Amino acid sequence: MSDYIRRLPVYLLLDCSGSMSGEPIEAVKQGIKALLTELKGDPQALETACLSVITFNSTARQISPLTELMLFKEPELTAGGATALGGALHVLADCIRTEVRTSTATQKGDWKPLVFLLTDGAPTDNLDEGIEALKSVSTGNIIACAAGANANTNTLRKITNNVLMMNNLTAGDLAAFFAWVSGSIKASSKSIDAKPGEAIQLPPPPQGFVIVP
Amino acid sequence: MNSGQIVTAVLEEGSPLGSTLDFVVDANAPRGGMKHTFFTPDRKYAVQFFNDPRDGHNPNIQDRIRTIVSIYNPTLSEQAGGALGNTEKTAEYFRSRFCWPVAIVSQPEFGIVCPTYPQKFFFGGNASTNGLNLKGKDKKSNWFTGRLRKYIAPEEKGDFRTMLGAAICLSRSIRRMHQAGLAHSDLSCNNVLIDPKSGSTVVIDIDSLVVPGKYPPEVCGTSGYIAPEVLATLEYDYNDPRRCLPCVSTDLHALPVLIYEYLFFRHPLKGPKIHSAASAEEDDYLAMGPEALFIENPNDRSNRPPDLKVTIQSLSKGLEQLFLRAFVDGLHDPSQRPTAMEWERELLRAWDRLVKCGNPGCEKKWFILRDESDPVCPFCGTRLRDRVIRLSFKSMMRGRNGVYRDNGEAIAYDGMPLYDWHVSSTVHNDEKAGTDMRAYICRHNGMWLLVNNGVEGMTSPSGRLVPKGQAVELRDGAVFRMTDRDDGLLCEVTVY
């Protein structure tokens, strides 16, 4: 028996390497702000979604622990350094293990986490180790977005089947990406009990984005 | 099409809006599961197009929507091409309660024109106490009925009486739909907007209606409001006879879920019971689908929250019975579910049993008096200080002089208005009834009075005529006629 309120954990894995400095990182900050505003206007998302931010450059760390939207504080983001994507997956696996409640015979667990990964380059550390670590935890949809010409979609395909590509790293495209993320979170928070075991239907990606087959 | 550009839509013939309508293209147009929405420059109408162009070209969808706009339209009089038997008065009544499509767009592509819903269903600037910016957002009911309620400003929240009013409004709208054989198919907190302040609802997203004889829409509903049998048979193919599709009887699951949420601020099936340890998704599926269990099920208390104080037994006996039929007998047996008409009737009976809680700090302010001899507010536990006065209305049975039958009851409170349906046996409290106050109850110098506000032929217990502006004193055992017309009701007073 438990009156625990079930949450929809959402992890944002954001590339903060040197190539993101300047306009891109500012656009990401604006994107998070817009995401929060949007989700706080949707009662189902506000009731269920919790948000965490993990950033990676030369190392990876969780800069915002999994927090309900009303208490979430926008993180400080700075860009510089390499692209420790493998490390980010390690951190993600650790966070999911400690922050997401599992279902048992005596407790109501959280829904499977939604993961959005944004990167503009190729990993500079050991990605395979990170992928191995991620396999040890249960996730729902993982959506990877390759931003700009230097992002490597092939490596992202090793992490997930859901890979999006945005051609330019412009403020407009990043804004559209975050708008799509909020749409996906809203859709997930509404269709949660639709059918167990099925991937949640996400809205079509924004214009100018390509789904990598 | 560029954002901000004004485009002229060509409307199909017969539209009450003329042959064309301008709308503004918006790159950030609100986007639902099926459609996206643009507005006319004056924002009086919404122009909606399908996200998937195949839906817009689908002749089955077009055909279904054309009948919804015309011969099944309760917001248009029969004379103007709307539903059969609909008068301008009833059409007007439902115009504010449905956001019903009024026209069909043929160019630039197939689309629908709906009126925008009334302003009261949008939040104003100061709707939140916690810094949420809700201005201009739809008043979806879960802002008021769940955990988010704490973020909403007190003046937006209404009280128990207005929430009961909203439940009446909704059940009446759904009754009207079902009366025509239509099913909404996706009733939910998103598709019924609510204004707790005024106690009203508006039903939106009318285009996914199930229309008799037309291909049903392929929606299955919204999480939390889908009937258990629909969820339990989702695995079957759409054309498989075992698959349960949305229909009138699935609306009759969603309707009481909404009513229950309005009255109790909780979901009737979300309790502590754990149905599966495998995953949250599996647990939810079972809890809403094959293993759904009412949290107040009297025979199986395994899903009952430990702190349940206000329950269906705090409502009228009639409403308690309906909830038991909906969520115990009918939860897995759709044929047992009460109809929308039964909900409307029983909610109206409960409305006439509302009394004001004497505790000024009571958040609910009103409660339904279940037992005249034990008048205690179920929400705050305060006992009523005033005596309970019950008015029992009786109508004369035709051709049997002096034989009367029950025609409703009301519990009196200071300031209570009485209408035509409290005066005449031929008037029912529905969309056809007038809204003029015919009489009212007032407390004056320690006396309880029923004041005539415009009824011809009201007579006192002693048979004297009571003209407009004069009153009958409500003493225990008093019997008087609301009007001396043949259809006039007899009023019998009991003071507890």
# chains A, B, ... in the order shown; residues from 1 in each chain; ligands from 1
>>> interface_residues(of="chain B", to="chain A", cutoff="6 Å", atoms="only C-alpha atoms", output="PyMOL selection string")
chain B and resi 223+272+277+279-282+284-285
>>> write_last_selection(atoms="N, CA, C and O atoms", output="mmCIF file, in the first residue's frame")
data_model
loop_
_atom_site.group_PDB
_atom_site.id
_atom_site.type_symbol
_atom_site.label_atom_id
_atom_site.label_comp_id
_atom_site.auth_asym_id
_atom_site.auth_seq_id
_atom_site.Cartn_x
_atom_site.Cartn_y
_atom_site.Cartn_z
ATOM 1 N N SER B 223 -6.197 9.172 -21.225
ATOM 2 C CA SER B 223 -5.802 8.453 -20.019
ATOM 3 C C SER B 223 -6.623 8.877 -18.801
ATOM 4 O O SER B 223 -6.770 10.053 -18.524
ATOM 5 N N PRO B 272 -4.718 3.116 -3.648
ATOM 6 C CA PRO B 272 -3.403 2.587 -3.276
ATOM 7 C C PRO B 272 -3.112 1.181 -3.794
ATOM 8 O O PRO B 272 -1.977 0.727 -3.721
ATOM 9 N N ALA B 277 3.639 -5.488 -10.017
ATOM 10 C CA ALA B 277 4.952 -5.053 -9.551
ATOM 11 C C ALA B 277 5.925 -4.957 -10.713
ATOM 12 O O ALA B 277 7.058 -4.533 -10.549
ATOM 13 N N SER B 279 5.842 -3.121 -13.683
ATOM 14 C CA SER B 279 6.180 -1.766 -14.116
ATOM 15 C C SER B 279 5.016 -0.843 -13.821
ATOM 16 O O SER B 279 3.869 -1.284 -13.653
ATOM 17 N N ALA B 280 5.315 0.451 -13.786
ATOM 18 C CA ALA B 280 4.278 1.450 -13.557
ATOM 19 C C ALA B 280 3.261 1.406 -14.700
ATOM 20 O O ALA B 280 2.060 1.563 -14.481
ATOM 21 N N GLU B 281 3.750 1.179 -15.916
ATOM 22 C CA GLU B 281 2.877 1.167 -17.084
ATOM 23 C C GLU B 281 1.868 0.022 -16.993
ATOM 24 O O GLU B 281 0.677 0.204 -17.223
ATOM 25 N N GLU B 282 2.368 -1.151 -16.646
ATOM 26 C CA GLU B 282 1.507 -2.326 -16.500
ATOM 27 C C GLU B 282 0.500 -2.118 -15.367
ATOM 28 O O GLU B 282 -0.683 -2.425 -15.490
ATOM 29 N N ASP B 284 -0.694 0.711 -14.197
ATOM 30 C CA ASP B 284 -1.702 1.677 -14.602
ATOM 31 C C ASP B 284 -2.716 1.078 -15.565
ATOM 32 O O ASP B 284 -3.910 1.334 -15.475
ATOM 33 N N TYR B 285 -2.197 0.295 -16.492
ATOM 34 C CA TYR B 285 -3.070 -0.337 -17.473
ATOM 35 C C TYR B 285 -4.103 -1.217 -16.770
ATOM 36 O O TYR B 285 -5.302 -1.150 -17.041
#
>>> select_by_dssp(residues="region 80-154 of chain A", states="strand (DSSP E or B)", output="list in words")
Leu114, Val115, Phe116, Leu117, Leu118, Thr119, Ile142, Ile143, Ala144, Cys145, Ala146 and Ala147 of chain A
>>> atom_distance(atom1="CA of Ser188 (chain B)", atom2="CA of Gly224 (chain B)")
8.0 Å
>>> closest_residue(among="B:Gly56, B:Gly181, B:Gly82, B:Pro16", to="Cys114 (chain B)", atoms="only C-alpha atoms")
B:Pro16
>>> residues_around(residues="region 165-167 of chain A", least_positions_apart="5", cutoff="10 Å", atoms="only C-alpha atoms", output="list of chain:residue names")
A:Leu118, A:Asp120, A:Ala144, A:Cys145, A:Ala146, A:Ala147, A:Gly148, A:Ala149, A:Asn150, A:Ala151, A:Asn152, A:Thr153, A:Asp173, A:Leu174, A:Ala176, A:Phe177, A:Pro205, A:Pro206, A:Gln207, A:Gly208, A:Phe209, A:Val210, A:Ile211, A:Val212
>>> select_by_dssp(residues="region 8-157 of chain A", states="helix (DSSP H, G or I)", output="ChimeraX atom specification")
/A:18-20,23-40,43-48,69-71,85-99,127-135,153-157
>>> atom_distance(atom1="CA of Phe56 (chain A)", atom2="CA of Val137 (chain A)")
19.9 Å
>>> closest_residue(among="A:Ile131, A:Leu156, A:Ile54, A:Ile143", to="Leu14 (chain A)", atoms="only C-alpha atoms")
A:Ile54
>>> atom_distance(atom1="CA of Cys189 (chain B)", atom2="CA of Ala83 (chain B)")
26.7 Å
>>> residues_around(residues="region 17-29 of chain A", least_positions_apart="2", cutoff="9 Å", atoms="only C-alpha atoms", output="NGL selection string")
:A and (14-15 or 31-34 or 56-58 or 74-84 or 119-121 or 169-172 or 174-175 or 178)
>>> closest_residue(among="B:Ser249, B:Ser15, B:Asn190, B:Ser208", to="Ile61 (chain B)", atoms="only C-alpha atoms")
B:Ser208
>>> residues_around(residues="Ile104 (chain B)", least_positions_apart="6", cutoff="7 Å", atoms="only C-alpha atoms", output="mmCIF file with all heavy atoms, in the first residue's frame")
data_model
loop_
_atom_site.group_PDB
_atom_site.id
_atom_site.type_symbol
_atom_site.label_atom_id
_atom_site.label_comp_id
_atom_site.auth_asym_id
_atom_site.auth_seq_id
_atom_site.Cartn_x
_atom_site.Cartn_y
_atom_site.Cartn_z
ATOM 1 N N LEU B 11 -15.837 28.418 -47.637
ATOM 2 C CA LEU B 11 -16.686 27.545 -46.827
ATOM 3 C C LEU B 11 -17.645 26.769 -47.721
ATOM 4 O O LEU B 11 -18.052 27.251 -48.782
ATOM 5 C CB LEU B 11 -17.483 28.375 -45.815
ATOM 6 C CG LEU B 11 -16.652 29.278 -44.900
ATOM 7 C CD1 LEU B 11 -17.570 30.045 -43.948
ATOM 8 C CD2 LEU B 11 -15.645 28.459 -44.101
ATOM 9 N N GLU B 12 -17.993 25.568 -47.270
ATOM 10 C CA GLU B 12 -18.964 24.776 -48.029
ATOM 11 C C GLU B 12 -20.332 25.445 -47.961
ATOM 12 O O GLU B 12 -20.653 26.173 -47.023
ATOM 13 C CB GLU B 12 -19.038 23.346 -47.469
ATOM 14 C CG GLU B 12 -17.839 22.523 -47.875
ATOM 15 C CD GLU B 12 -18.018 21.032 -47.568
ATOM 16 O OE1 GLU B 12 -19.072 20.634 -47.031
ATOM 17 O OE2 GLU B 12 -17.078 20.274 -47.878
ATOM 18 N N GLY B 111 -11.446 21.520 -43.683
ATOM 19 C CA GLY B 111 -11.253 21.930 -42.295
ATOM 20 C C GLY B 111 -12.591 22.250 -41.651
ATOM 21 O O GLY B 111 -13.647 22.120 -42.274
ATOM 22 N N ILE B 112 -12.517 22.653 -40.393
ATOM 23 C CA ILE B 112 -13.726 22.866 -39.600
ATOM 24 C C ILE B 112 -13.677 24.258 -38.974
ATOM 25 O O ILE B 112 -12.613 24.702 -38.547
ATOM 26 C CB ILE B 112 -13.802 21.840 -38.447
ATOM 27 C CG1 ILE B 112 -13.683 20.417 -38.980
ATOM 28 C CG2 ILE B 112 -15.072 21.996 -37.648
ATOM 29 C CD1 ILE B 112 -13.222 19.441 -37.929
ATOM 30 N N VAL B 113 -14.825 24.921 -38.917
ATOM 31 C CA VAL B 113 -14.901 26.198 -38.205
ATOM 32 C C VAL B 113 -15.736 26.002 -36.945
ATOM 33 O O VAL B 113 -16.848 25.472 -37.000
ATOM 34 C CB VAL B 113 -15.544 27.302 -39.078
ATOM 35 C CG1 VAL B 113 -15.566 28.621 -38.321
ATOM 36 C CG2 VAL B 113 -14.801 27.442 -40.398
#
>>> residues_around(residues="Gln62 (chain A)", least_positions_apart="6", cutoff="10 Å", atoms="only C-alpha atoms", output="list in words")
Tyr11, Leu12, Leu13, Ser52, Val53, Ile54, Thr55, Phe56, Ala88, Val91, Leu92, Asp94 and Cys95 of chain A
>>> closest_residue(among="B:Gly146, B:Gly408, B:Gly158, B:Pro467", to="Tyr260 (chain B)", atoms="only C-alpha atoms")
B:Gly146
>>> residues_around(residues="region 286-288 of chain B", least_positions_apart="6", cutoff="8 Å", atoms="only C-alpha atoms", output="number ranges by chain")
A: 193; B: 224, 226-228, 231, 269-270, 275-276
>>> write_last_selection(atoms="C-alpha atoms", output="PDB file, in the first residue's frame")
ATOM      1  CA  ASP A 193      -1.732   4.183 -19.406  1.00  0.00           C
TER       2      ASP A 193
ATOM      3  CA  GLY B 224      -7.963   8.206 -16.895  1.00  0.00           C
ATOM      4  CA  ILE B 226     -11.148   5.543 -21.125  1.00  0.00           C
ATOM      5  CA  ALA B 227     -13.732   2.905 -20.253  1.00  0.00           C
ATOM      6  CA  PRO B 228     -12.127  -0.271 -18.846  1.00  0.00           C
ATOM      7  CA  LEU B 231      -8.504  -0.413 -22.642  1.00  0.00           C
ATOM      8  CA  LEU B 269     -10.189   4.517  -9.696  1.00  0.00           C
ATOM      9  CA  LYS B 270      -6.834   5.843  -8.492  1.00  0.00           C
ATOM     10  CA  HIS B 275      -1.968  -4.283  -9.545  1.00  0.00           C
ATOM     11  CA  SER B 276       1.438  -5.153 -10.921  1.00  0.00           C
TER      12      SER B 276
END
